[in-house]
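Chemist: The structure that follows is given in the form of structure tokens.
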Amino acid sequence: MRQAQTTRRMLTSLTIAAALSIAAVVGIYFFLTVNGVKALQFNSLGQILLGTTWDPESTPPKLGLLPMIISTLYVTAISVAIAFPISLLCATYLAEFAPTFLRRTLRPAIDMLAGIPSVVYGLFGILTLVPFARYYLGSPSGYSVLVAGIIVAIMILPYMTSVMMEAIRSVPREYVEAARGMGATRWQVVRTVLWPAALSGIASGGMLGTLRAMGETVAVALVSGGALMIPKSPLDPCRPLSAHILLQATVLPVGSPGYYALYFAGLILMLMVTAVIVAAHRVRRRPGRPRKRRVKGGRLNPVLVSRLMTGLMIAAGVIAAGALVGITGYIFVNGVRALDWNVLFGPVHIGDPVHSALYPALLGTLALMFYSTVFAVLVGVPTALYLAHFAGESRFTQAVRFAIDTLAGVPSIVYGLFGATLFVVYMKMGYSVLAGALTLATMNLPVVVRTAEEAFRSVPREYIEAARGAGASWYHVVKDVLLPMAKPGITAGITLSMCRAAEEAAPIILTAVMIGLVTSNPFVHVLQPTDALAFRIYLIAKEYLMVPEARQVAFAAALVLVAVTLSLNFLAIYMRDRFERKVGREV
Amino acid sequence: MVAFKVNDLRVYYGEKEALKGINLEIPEKKITTIIGPSGCGKSTFIRCLNLMIKEIPYARTEGVVEFDGENILEYESEEEIIHHRRRVATVFQHPNPFPWMSIYDNVAYGLRLMGMDEDEIEERVHEALEKAALLDEVEDRLDDPASALSGGQQQRLCIARALAVDPDVLLMDEPTSDLDPIATRKIEETVLELRGEVTIVFVTHILPQAYRIGDYTAFFLKGELVEANETKELFNNPQDERTQEYIEVEFGPG
């Protein structure tokens with residue numbers, strides 16, 4: 001009887017946790033909508049969507065968002081146009097053509113690179129591509145749509161490549177054999193078998209990249225120039241929606257017309273994200289006879305075409321690898337040169353991000369990682385357990401699932417805005433470690449839930465049945481079978497969540513950090529604002545680059561941050577592989 | 001006339017010798033069945049005939065497979081290999097029509113690879129479906145997805161796909177082992193219809209099947225060719241005692 005009671009209690013807690021994640025989604029949408037709609041009291045819908053002037057302090061306020069909307073679309077289009085073909089060719093090469101040892105080395109390497117923080121890409125962009133665009137491409141300031149597009153393209157490359165590669169790898173060999181057996185060239189196999197068969201996976205890779213490109217904030221805020229104008233050429237500066245929210249949210253008073261307009265901007269961003277998700281889900285090839293047409297290239301020698309395309313794939317791989325190795329190398333070399341005892345542990349100067357030592361920032365980052373992960377795990381792991389093994393197909397379950405899927409698509413800056421209003425203002429936490437951690441935890445909830453759910457799900461049924469058959473209560477099944485078996489998978493989710501907490505600058509800029517450094521211990525004084533590595537890099541790159549020693553400090557901070565995120569990512573990948581081996585899946 | 005002349009063919013997978021010196025002539029426009037227990041090298045052997053063996057990076061071949069006066073094992077360039085495969089088509093064990101294509105597109109696949117004119121393709125698709133005894137069943141739904149067909153129909157679709165390019169040889173690697181008896185019978189009838197038109201090499205581990213459809217039969221065991229002869233002769237009057245034993249065990253008494 002005692003066991004039955006424990007089981008019942010466990011189930012209740014699981015359900016409560018799952019309900020909490022619904023509350024988070026409803027909360028986000030509630031805040032976005034309620035606050036966003038308030039902007040309509042000051043300007044009409046047309047004035048906001050089509051207005052080109054942003055002057056929230058004039059009377060009446062001018063809340064035109066058209067330049068930002070166009071900037072978001074422009075930057076996203078350029079970055080996806082660059083990254084999509086390169087990723088697809090790269091993924092195809094790695095999945096189908098590359099020798100096994102190359103694939104074995106590159107697959108984890110690509111996943112690792114996905115963990116480089118966006119602020120680091122921004123720093124790289126400001127110091128290299130921006131001057132390049134100014135001196136060689138004739139961009140007025142160098143800060144431009146083009147540079148933003150290129151930087152974002154490099155950022156989303158690893159994501160897209162990784163997802164597309166998995167999709168192409170999972171195309172059944174028998175189809176490839178059938179095509180090869182009929183005398184298809186390697187390229188014809190790619191074009192007629194691999195890509196069509198992996199179409200939905202390729203589309204979801206493209207979707208993930210596009211979503212990130214749209215929501216990307218910090219790197220774009222650094223290199224786009226922030227100009228409030230409709231960019232007429234790719235060389236003009238611009239200000240995408242996400243960057244606009246970041247730049248304005250810390251300046252505008254809560255409750256002002258402009259503040260509500262930022263929420264409206266967040267709503268528009270969410271709408272774009274949803275449109276991309278819906279579009280990607282629609283991509284499915286319908287079999288049917290294509291219109292009668294001569295097959296393209298039918299007159300060309302197919303073997304020659306195949307050789308050319310293979311060359312192109314290798315070229316794409318070299319470009320992608322070059323870009324990523326270039327950035328990591330750049331940060332590493334400059335970081336190692338910049339790093340010394342004094343930069344790390346020297347004196348702390350309040351209000352001076354350049355001359356103050358880095359250790360408070362490192363501590364702040366660690367505290368944010370720690371607390372946010374604790375919150376995310378406390379809610380996320382029980383939710384995952386609930387979804388994996390205890391959820392029927394009830395309305396409630398569907399709502400939880402929908403909630404998690406929706407949360408996964410929300411851009412990080414929108415989480416920042418949400419946290420800034422709910423935790424900072426309404427709950428009176430102020431800019432604090434706690435507010436930042438709660439914001440990051442909400443952001444990471446879907447990551448934790450998804451990884452943990454997959455881990456719980458892939459525990460072989462026979463073990464559960466063996467335990468049940470031996471008379472174990474569900475409580476004991478969870479404690480003795482599910483949790484231990486799923487531990488590496490859960491740990492991978494936890495590490496990923498910590499990694500994201502360290503690398504995301506946008507949400508904490510709106511909730512946890514303040515200009516000027518605070519020296520209290522962030523682990524203890526959770527209601528105090530704190531410094532953080534990502535924030536320090538952002539601030540220096542944005543405001544202090546003309547100060548002589550600024551670069552050195554920024555490079556040092558970037559190196560420390562990259563060391564933290566890459567080692568966490570490495571750990572996560574290692575755990576994932578171990579987990580896959582444990583449940584007997586092929587790596 | 002001889003389609004393939006195989007001389008001292010050896011295949012190695014890494015260290016392991018999968019075929020140990022095969023000597024065999026495969027007659028033109030007849031049905032040659034290849035029998036033997038699983039792991040005996042049957043599949044490896046027919047992979048050599050259309051050079052799919054070259055798709056396996058760790059496989060190595062020695063010896064001669066003569067086709068049309070040339071040793072095809074010496075083909076190294078993609079051009080030569082592809083040209084050869086268009087003359088030697090394969091039907092695999094598991095029916096594998098492309099599920100994302102329509103019935104029509106599946107049959108047209110090889111023709112489109114060659115860059116053929118769409119008008120000509122239409123004609124050839126109908127011919128191939130006819131030969132594969134599938135046309136009557138699918139004529140009014142050529143645009144349906146191939147995955148809508150039953151297993152037996154899918155396999156005949158694969159036969160049509162292979163025949164559409166008008167190959168000289170049709171290799172069939174246990175094409176009925178995933179099918180039920182009725183579908184199997186249908187495939188056998190289709191194959192018998194093709195006798196005299198195209199050279200067929202038919203791998204099977206079902207001895208009655210080999211007996212029913214074969215003109216010639218070769219028995220493989222542990223990577224060796226034990227015996228090859230006219231089918232009736234091999235089954236009724238085996239020369240090697242290993243053949244005799246295998247036939248007795250597999251066929252059962254009588």
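By order of appearance in the structure tokens: chains A, B, ..., then residues from 1 within every chain, and ligands from 1 in the order shown.
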I'd like the neighbourhood of Pro95 in chain B as a list in words, where a residue qualifies if any of its atoms comes within 7 Å (using only C-alpha atoms), though same-chain residues fewer than 4 positions away should be ignored.

Modeler: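 With the cut-off at 7 Å, the set is Gly151, Gln154, Gln155 and Cys158 of chain B.
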
Chemist: With C-alpha atoms retained, write the just-selected residues as a short mmCIF file (atom, residue, chain, number, x, y, z; two decimals), in the first residue's frame.

Modeler:
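Below is the file selection_23.cif, written as the result:
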```
data_model
loop_
_atom_site.label_atom_id
_atom_site.label_comp_id
_atom_site.auth_asym_id
_atom_site.auth_seq_id
_atom_site.Cartn_x
_atom_site.Cartn_y
_atom_site.Cartn_z
CA GLY B 151 4.51 -6.37 -52.19
CA GLN B 154 6.11 -3.66 -56.12
CA GLN B 155 8.51 -6.40 -57.07
CA CYS B 158 11.04 -3.28 -59.96
#
```

Chemist: Could you pull the residues within 10 Å of Leu20 in chain A, counting only C-alpha atoms, minus those fewer than 5 positions along the same chain, as a PyMOL selection string?

Modeler: chain A and resi 14-15+25-26+379-380+383+400

Chemist: In Å, how far is it from CA of Gly41 in chain B to CA of Gly223 in chain B?

Modeler: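 Separating CA of Gly41 in chain B from CA of Gly223 in chain B is a distance of 5.0 Å.
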
Chemist: Got a sec to pull out which chain B residues are within 7 Å of chain A, counting only C-alpha atoms, and send them as a ChimeraX atom specification?

Modeler: /B:52,78-79,82-83,85-86,89-90,96,98,100-102,104-105,110,112-115,117-118,143-145

Chemist: Emit the selected residues as a CSV table (one decimal), in the first residue's frame, including C-alpha atoms.

Modeler:
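Generated file (out-v6.csv):
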```csv
chain,number,residue,atom,x,y,z
B,52,MET,CA,27.9,-3.6,-57.7
B,78,GLU,CA,32.7,5.6,-63.8
B,79,GLU,CA,31.8,5.8,-67.5
B,82,ILE,CA,27.8,2.9,-65.7
B,83,HIS,CA,27.7,1.9,-69.3
B,85,ARG,CA,25.2,-1.4,-65.5
B,86,ARG,CA,22.8,-0.1,-68.1
B,89,ALA,CA,20.0,-4.7,-64.7
B,90,THR,CA,19.3,-5.9,-61.2
B,96,ASN,CA,12.6,-1.3,-53.5
B,98,PHE,CA,11.2,4.6,-54.9
B,100,TRP,CA,8.5,9.2,-53.3
B,101,MET,CA,7.9,8.6,-57.0
B,102,SER,CA,4.8,7.6,-58.9
B,104,TYR,CA,5.2,5.8,-63.9
B,105,ASP,CA,8.2,7.7,-62.7
B,110,GLY,CA,16.5,4.6,-65.8
B,112,ARG,CA,15.5,9.6,-67.6
B,113,LEU,CA,19.0,8.9,-66.3
B,114,MET,CA,20.0,8.4,-69.9
B,115,GLY,CA,18.4,11.6,-70.9
B,117,ASP,CA,13.0,12.0,-74.8
B,118,GLU,CA,9.8,12.0,-72.8
B,143,ASP,CA,0.4,8.5,-61.2
B,144,ASP,CA,-0.3,6.8,-57.9
B,145,PRO,CA,2.6,6.5,-55.5
```

Chemist: Determine, counting only C-alpha atoms, which protein, DNA and RNA residues have an atom within 12 Å of an atom of Glu76 in chain B; residues of the same chain fewer than 5 positions away are not included. Present the result as an NGL selection string.

Modeler: :B and (51 or 54-55 or 71 or 81-84)

Chemist: I need the residues from that last selection saved to file as a compact mmCIF listing (two decimals), in the first residue's frame (with C-alpha atoms), if you can.

Modeler:
```txt
# COMPACT_ATOMS: atom_id res chain seq x y z
CA LEU B 51 29.92 -4.53 -60.81
CA LYS B 54 32.77 -2.06 -56.69
CA GLU B 55 30.38 -0.16 -54.41
CA ASN B 71 36.98 -8.32 -68.71
CA ILE B 81 30.91 0.97 -64.96
CA ILE B 82 27.76 2.93 -65.66
CA HIS B 83 27.65 1.86 -69.27
CA HIS B 84 27.91 -1.74 -68.15
```

Chemist: Would you mind reading off the distance between CA of Leu137 in chain A and CA of Ala81 in chain A, one decimal, in Å?

Modeler: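 Here the two named atoms are 19.4 Å from each other.
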
Chemist: Output as an mmCIF file with N, CA and C atoms, in the first residue's frame all residues of range 82-204 of chain B that backbone DSSP marks as strand (DSSP E or B).

Modeler:
```
data_model
loop_
_atom_site.group_PDB
_atom_site.id
_atom_site.type_symbol
_atom_site.label_atom_id
_atom_site.label_comp_id
_atom_site.auth_asym_id
_atom_site.auth_seq_id
_atom_site.Cartn_x
_atom_site.Cartn_y
_atom_site.Cartn_z
ATOM 1 N N VAL B 88 23.183 -4.467 -67.790
ATOM 2 C CA VAL B 88 22.962 -5.566 -66.854
ATOM 3 C C VAL B 88 22.154 -5.049 -65.670
ATOM 4 N N ALA B 89 20.847 -5.248 -65.730
ATOM 5 C CA ALA B 89 19.972 -4.677 -64.706
ATOM 6 C C ALA B 89 19.786 -5.644 -63.545
ATOM 7 N N THR B 90 19.418 -5.115 -62.379
ATOM 8 C CA THR B 90 19.279 -5.938 -61.179
ATOM 9 C C THR B 90 17.913 -5.759 -60.524
ATOM 10 N N VAL B 91 17.368 -6.877 -60.045
ATOM 11 C CA VAL B 91 16.188 -6.828 -59.181
ATOM 12 C C VAL B 91 16.617 -7.423 -57.848
ATOM 13 N N SER B 102 5.979 8.280 -58.460
ATOM 14 C CA SER B 102 4.794 7.576 -58.936
ATOM 15 C C SER B 102 5.215 6.267 -59.607
ATOM 16 N N PRO B 145 1.316 6.820 -56.094
ATOM 17 C CA PRO B 145 2.633 6.513 -55.538
ATOM 18 C C PRO B 145 2.915 5.013 -55.591
ATOM 19 N N VAL B 169 20.947 -8.307 -69.857
ATOM 20 C CA VAL B 169 20.923 -9.291 -68.777
ATOM 21 C C VAL B 169 20.048 -8.760 -67.643
ATOM 22 N N LEU B 170 19.306 -9.673 -67.018
ATOM 23 C CA LEU B 170 18.526 -9.316 -65.836
ATOM 24 C C LEU B 170 18.993 -10.185 -64.680
ATOM 25 N N LEU B 171 19.559 -9.540 -63.650
ATOM 26 C CA LEU B 171 20.005 -10.279 -62.482
ATOM 27 C C LEU B 171 18.922 -10.205 -61.428
ATOM 28 N N MET B 172 18.582 -11.348 -60.849
ATOM 29 C CA MET B 172 17.544 -11.340 -59.823
ATOM 30 C C MET B 172 18.069 -12.035 -58.583
ATOM 31 N N ASP B 173 18.182 -11.264 -57.507
ATOM 32 C CA ASP B 173 18.788 -11.762 -56.276
ATOM 33 C C ASP B 173 17.700 -12.148 -55.280
ATOM 34 N N THR B 199 18.889 -12.481 -71.089
ATOM 35 C CA THR B 199 19.608 -13.420 -70.236
ATOM 36 C C THR B 199 19.190 -13.191 -68.791
ATOM 37 N N ILE B 200 18.824 -14.265 -68.095
ATOM 38 C CA ILE B 200 18.396 -14.089 -66.709
ATOM 39 C C ILE B 200 19.268 -14.917 -65.785
ATOM 40 N N VAL B 201 19.778 -14.276 -64.755
ATOM 41 C CA VAL B 201 20.478 -14.988 -63.692
ATOM 42 C C VAL B 201 19.631 -14.849 -62.446
ATOM 43 N N PHE B 202 19.166 -15.963 -61.938
ATOM 44 C CA PHE B 202 18.153 -15.957 -60.884
ATOM 45 C C PHE B 202 18.706 -16.668 -59.655
ATOM 46 N N VAL B 203 18.974 -15.896 -58.613
ATOM 47 C CA VAL B 203 19.490 -16.488 -57.381
ATOM 48 C C VAL B 203 18.320 -16.878 -56.499
#
```

Chemist: Quick check, in Å to one decimal: how far apart do CA of Val220 in chain A and CA of Gly255 in chain A lie?

Modeler: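 Going from CA of Val220 in chain A over to CA of Gly255 in chain A, I get 26.3 Å.
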
Chemist: Assign secondary structure with DSSP using the backbone only, and return the residues of range 118-228 of chain B in alpha helix (DSSP H) as a compact mmCIF listing (two decimals) with N, CA and C atoms, in the first residue's frame.

Modeler:
```
# COMPACT_ATOMS: atom_id res chain seq x y z
N GLU B 118 10.95 12.43 -73.59
CA GLU B 118 9.78 12.00 -72.81
C GLU B 118 8.75 11.22 -73.63
N ASP B 119 8.62 11.52 -74.92
CA ASP B 119 7.65 10.79 -75.74
C ASP B 119 8.06 9.33 -75.87
N GLU B 120 9.34 9.14 -76.09
CA GLU B 120 9.85 7.78 -76.22
C GLU B 120 9.74 7.05 -74.88
N ILE B 121 9.99 7.82 -73.79
CA ILE B 121 9.91 7.21 -72.47
C ILE B 121 8.52 6.63 -72.24
N GLU B 122 7.48 7.41 -72.62
CA GLU B 122 6.12 6.95 -72.39
C GLU B 122 5.87 5.58 -73.04
N GLU B 123 6.35 5.47 -74.26
CA GLU B 123 6.20 4.20 -74.98
C GLU B 123 6.91 3.06 -74.24
N ARG B 124 8.16 3.35 -73.85
CA ARG B 124 8.98 2.32 -73.21
C ARG B 124 8.42 1.92 -71.86
N VAL B 125 7.84 2.88 -71.13
CA VAL B 125 7.26 2.57 -69.82
C VAL B 125 6.13 1.56 -69.99
N HIS B 126 5.27 1.80 -70.99
CA HIS B 126 4.16 0.87 -71.21
C HIS B 126 4.67 -0.51 -71.61
N GLU B 127 5.65 -0.53 -72.48
CA GLU B 127 6.23 -1.82 -72.89
C GLU B 127 6.76 -2.60 -71.70
N ALA B 128 7.52 -1.86 -70.87
CA ALA B 128 8.16 -2.53 -69.73
C ALA B 128 7.11 -3.06 -68.75
N LEU B 129 6.07 -2.27 -68.50
CA LEU B 129 5.02 -2.73 -67.59
C LEU B 129 4.32 -3.95 -68.16
N GLU B 130 4.14 -3.95 -69.45
CA GLU B 130 3.53 -5.09 -70.13
C GLU B 130 4.37 -6.35 -69.93
N LYS B 131 5.68 -6.20 -70.18
CA LYS B 131 6.58 -7.35 -70.03
C LYS B 131 6.60 -7.86 -68.60
N LEU B 135 0.98 -4.22 -66.37
CA LEU B 135 0.26 -3.13 -67.03
C LEU B 135 -1.24 -3.16 -66.73
N ASP B 136 -1.86 -4.35 -66.83
CA ASP B 136 -3.31 -4.44 -66.63
C ASP B 136 -3.72 -3.94 -65.25
N GLU B 137 -2.86 -4.20 -64.26
CA GLU B 137 -3.23 -3.86 -62.89
C GLU B 137 -3.05 -2.38 -62.58
N VAL B 138 -2.18 -1.70 -63.31
CA VAL B 138 -1.88 -0.32 -62.92
C VAL B 138 -2.17 0.71 -64.01
N GLY B 151 3.12 -5.94 -52.12
CA GLY B 151 4.51 -6.37 -52.19
C GLY B 151 4.86 -7.02 -53.52
N GLY B 152 3.99 -7.94 -53.99
CA GLY B 152 4.25 -8.62 -55.25
C GLY B 152 4.23 -7.66 -56.42
N GLN B 153 3.27 -6.73 -56.38
CA GLN B 153 3.20 -5.73 -57.45
C GLN B 153 4.45 -4.84 -57.43
N GLN B 154 4.90 -4.49 -56.23
CA GLN B 154 6.11 -3.66 -56.12
C GLN B 154 7.30 -4.37 -56.74
N GLN B 155 7.38 -5.69 -56.51
CA GLN B 155 8.51 -6.40 -57.07
C GLN B 155 8.41 -6.45 -58.60
N ARG B 156 7.18 -6.61 -59.11
CA ARG B 156 7.05 -6.60 -60.57
C ARG B 156 7.31 -5.20 -61.13
N LEU B 157 7.00 -4.19 -60.32
CA LEU B 157 7.36 -2.83 -60.73
C LEU B 157 8.87 -2.70 -60.84
N CYS B 158 9.58 -3.32 -59.90
CA CYS B 158 11.04 -3.28 -59.96
C CYS B 158 11.54 -4.01 -61.21
N ILE B 159 10.86 -5.09 -61.57
CA ILE B 159 11.24 -5.80 -62.79
C ILE B 159 11.01 -4.90 -64.00
N ALA B 160 9.87 -4.21 -63.99
CA ALA B 160 9.58 -3.29 -65.10
C ALA B 160 10.62 -2.18 -65.16
N ARG B 161 10.99 -1.67 -63.99
CA ARG B 161 11.99 -0.60 -63.93
C ARG B 161 13.31 -1.09 -64.53
N ALA B 162 13.64 -2.35 -64.22
CA ALA B 162 14.89 -2.90 -64.73
C ALA B 162 14.80 -3.16 -66.24
N LEU B 163 13.62 -3.62 -66.70
CA LEU B 163 13.48 -3.97 -68.11
C LEU B 163 13.37 -2.74 -69.01
N ALA B 164 12.93 -1.61 -68.44
CA ALA B 164 12.66 -0.43 -69.26
C ALA B 164 13.88 0.02 -70.05
N PRO B 181 3.17 -16.97 -51.53
CA PRO B 181 3.24 -17.96 -52.62
C PRO B 181 2.57 -17.49 -53.92
N ILE B 182 1.44 -16.79 -53.80
CA ILE B 182 0.74 -16.39 -55.03
C ILE B 182 1.56 -15.35 -55.79
N ALA B 183 2.09 -14.38 -55.05
CA ALA B 183 2.92 -13.36 -55.68
C ALA B 183 4.18 -13.99 -56.26
N THR B 184 4.70 -14.99 -55.55
CA THR B 184 5.89 -15.68 -56.03
C THR B 184 5.62 -16.35 -57.37
N ARG B 185 4.48 -17.04 -57.46
CA ARG B 185 4.12 -17.73 -58.68
C ARG B 185 4.04 -16.75 -59.85
N LYS B 186 3.48 -15.60 -59.56
CA LYS B 186 3.30 -14.55 -60.58
C LYS B 186 4.66 -14.08 -61.11
N ILE B 187 5.60 -13.91 -60.19
CA ILE B 187 6.94 -13.48 -60.60
C ILE B 187 7.57 -14.57 -61.46
N GLU B 188 7.40 -15.81 -61.03
CA GLU B 188 7.99 -16.92 -61.80
C GLU B 188 7.44 -16.94 -63.22
N GLU B 189 6.11 -16.75 -63.33
CA GLU B 189 5.50 -16.72 -64.67
C GLU B 189 6.10 -15.61 -65.51
N THR B 190 6.25 -14.44 -64.88
CA THR B 190 6.83 -13.30 -65.59
C THR B 190 8.22 -13.63 -66.10
N VAL B 191 9.01 -14.26 -65.23
CA VAL B 191 10.38 -14.59 -65.61
C VAL B 191 10.38 -15.57 -66.78
N LEU B 192 9.49 -16.58 -66.71
CA LEU B 192 9.44 -17.57 -67.78
C LEU B 192 9.06 -16.93 -69.12
N GLU B 193 8.18 -15.92 -69.05
CA GLU B 193 7.80 -15.20 -70.26
C GLU B 193 8.99 -14.52 -70.93
N LEU B 194 9.96 -14.16 -70.09
CA LEU B 194 11.10 -13.39 -70.61
C LEU B 194 12.19 -14.29 -71.21
N LEU B 207 14.79 -24.56 -53.71
CA LEU B 207 15.17 -25.47 -54.78
C LEU B 207 14.05 -25.76 -55.78
N PRO B 208 12.79 -26.00 -55.32
CA PRO B 208 11.73 -26.24 -56.31
C PRO B 208 11.62 -25.09 -57.31
N GLN B 209 11.85 -23.88 -56.81
CA GLN B 209 11.78 -22.72 -57.70
C GLN B 209 12.88 -22.80 -58.76
N ALA B 210 14.10 -23.11 -58.31
CA ALA B 210 15.21 -23.21 -59.24
C ALA B 210 14.92 -24.29 -60.28
N TYR B 211 14.28 -25.34 -59.83
CA TYR B 211 13.95 -26.46 -60.71
C TYR B 211 12.89 -26.05 -61.73
N ARG B 212 11.87 -25.34 -61.22
CA ARG B 212 10.75 -24.95 -62.09
C ARG B 212 11.17 -24.03 -63.22
N ILE B 213 11.99 -23.04 -62.91
CA ILE B 213 12.22 -22.01 -63.93
C ILE B 213 13.56 -22.12 -64.63
```

Chemist: Near Asn569 in chain A, within 9 Å and counting only C-alpha atoms, which residues show up once chain neighbours fewer than 6 positions away are dropped, as a ChimeraX atom specification?

Modeler: /A:111-115,492,495-496,499

Chemist: Restricting the output to C-alpha atoms, write the selected residues as a tab-separated table (two decimals), in the first residue's frame.

Modeler:
```
chain	number	residue	atom	x	y	z
A	111	ASP	CA	28.18	19.66	-33.42
A	112	MET	CA	30.85	21.32	-31.28
A	113	LEU	CA	30.98	24.37	-33.50
A	114	ALA	CA	27.26	24.84	-33.02
A	115	GLY	CA	28.21	25.79	-29.45
A	492	ALA	CA	23.49	15.55	-22.23
A	495	THR	CA	24.93	20.18	-20.40
A	496	LEU	CA	23.26	21.61	-23.48
A	499	CYS	CA	25.85	25.73	-22.59
```

Chemist: Ranking A:Tyr93, A:Phe418, A:Ile327, A:Met270 by minimum distance to Met309 in chain A and counting only C-alpha atoms, which one comes first?

Modeler: A:Tyr93

Chemist: So that I can see what lies close to range 84-88 of chain A, please list as a PyMOL selection string the residues with an atom at most 7 Å from it, counting only C-alpha atoms and leaving out residues fewer than 2 positions away in the same chain.

Modeler: chain A and resi 80-82+90-92+157+160-161+164+206+316

Chemist: May I have the residues within 12 Å of range 43-45 of chain A as a ChimeraX atom specification, using only C-alpha atoms and disregarding those fewer than 5 positions away in the same chain?

Modeler: /A:36-38,50-51,53-56,59-66,257-258,260-261,264-265,268

Chemist: Hey, what's within 12 Å of range 471-474 of chain A if we count only C-alpha atoms and toss same-chain stuff fewer than 4 positions away? As a PyMOL selection string, please?

Modeler: chain A and resi 1-11+385-386+389-390+463-467+478-483

Chemist: Could you take the residues named above and write them with C-alpha atoms, as a short mmCIF file (atom, residue, chain, number, x, y, z; two decimals), in the first residue's frame?

Modeler:
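Everything below was put into again06.cif:
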```cif
data_model
loop_
_atom_site.label_atom_id
_atom_site.label_comp_id
_atom_site.auth_asym_id
_atom_site.auth_seq_id
_atom_site.Cartn_x
_atom_site.Cartn_y
_atom_site.Cartn_z
CA MET A 1 0.00 0.00 0.00
CA ARG A 2 2.82 2.39 0.86
CA GLN A 3 4.22 1.80 -2.62
CA ALA A 4 0.95 2.59 -4.29
CA GLN A 5 0.83 5.83 -2.35
CA THR A 6 4.35 6.82 -3.36
CA THR A 7 3.49 6.08 -6.94
CA ARG A 8 0.39 8.23 -6.73
CA ARG A 9 2.36 11.06 -5.21
CA MET A 10 5.00 10.76 -7.91
CA LEU A 11 2.39 10.92 -10.65
CA LEU A 385 9.14 11.56 -17.74
CA TYR A 386 5.45 12.32 -17.80
CA HIS A 389 5.77 7.05 -20.02
CA PHE A 390 2.72 8.32 -18.21
CA TYR A 463 13.62 -3.67 -19.01
CA ILE A 464 10.48 -1.88 -17.90
CA GLU A 465 8.44 -5.01 -18.42
CA ALA A 466 11.00 -7.08 -16.55
CA ALA A 467 10.74 -4.75 -13.56
CA VAL A 478 11.24 5.14 -12.42
CA LYS A 479 13.79 5.03 -9.64
CA ASP A 480 15.52 1.75 -10.50
CA VAL A 481 15.15 1.48 -14.29
CA LEU A 482 14.18 4.66 -16.09
CA LEU A 483 16.34 7.20 -14.27
#
```

Chemist: Counting only C-alpha atoms, which of A:Leu146, A:Val318, A:Ala376, A:Val381 gets nearest to Ala455 in chain A?

Modeler: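 Checking each of A:Leu146, A:Val318, A:Ala376, A:Val381 against Ala455 in chain A, counting only C-alpha atoms, the winner is A:Val381.
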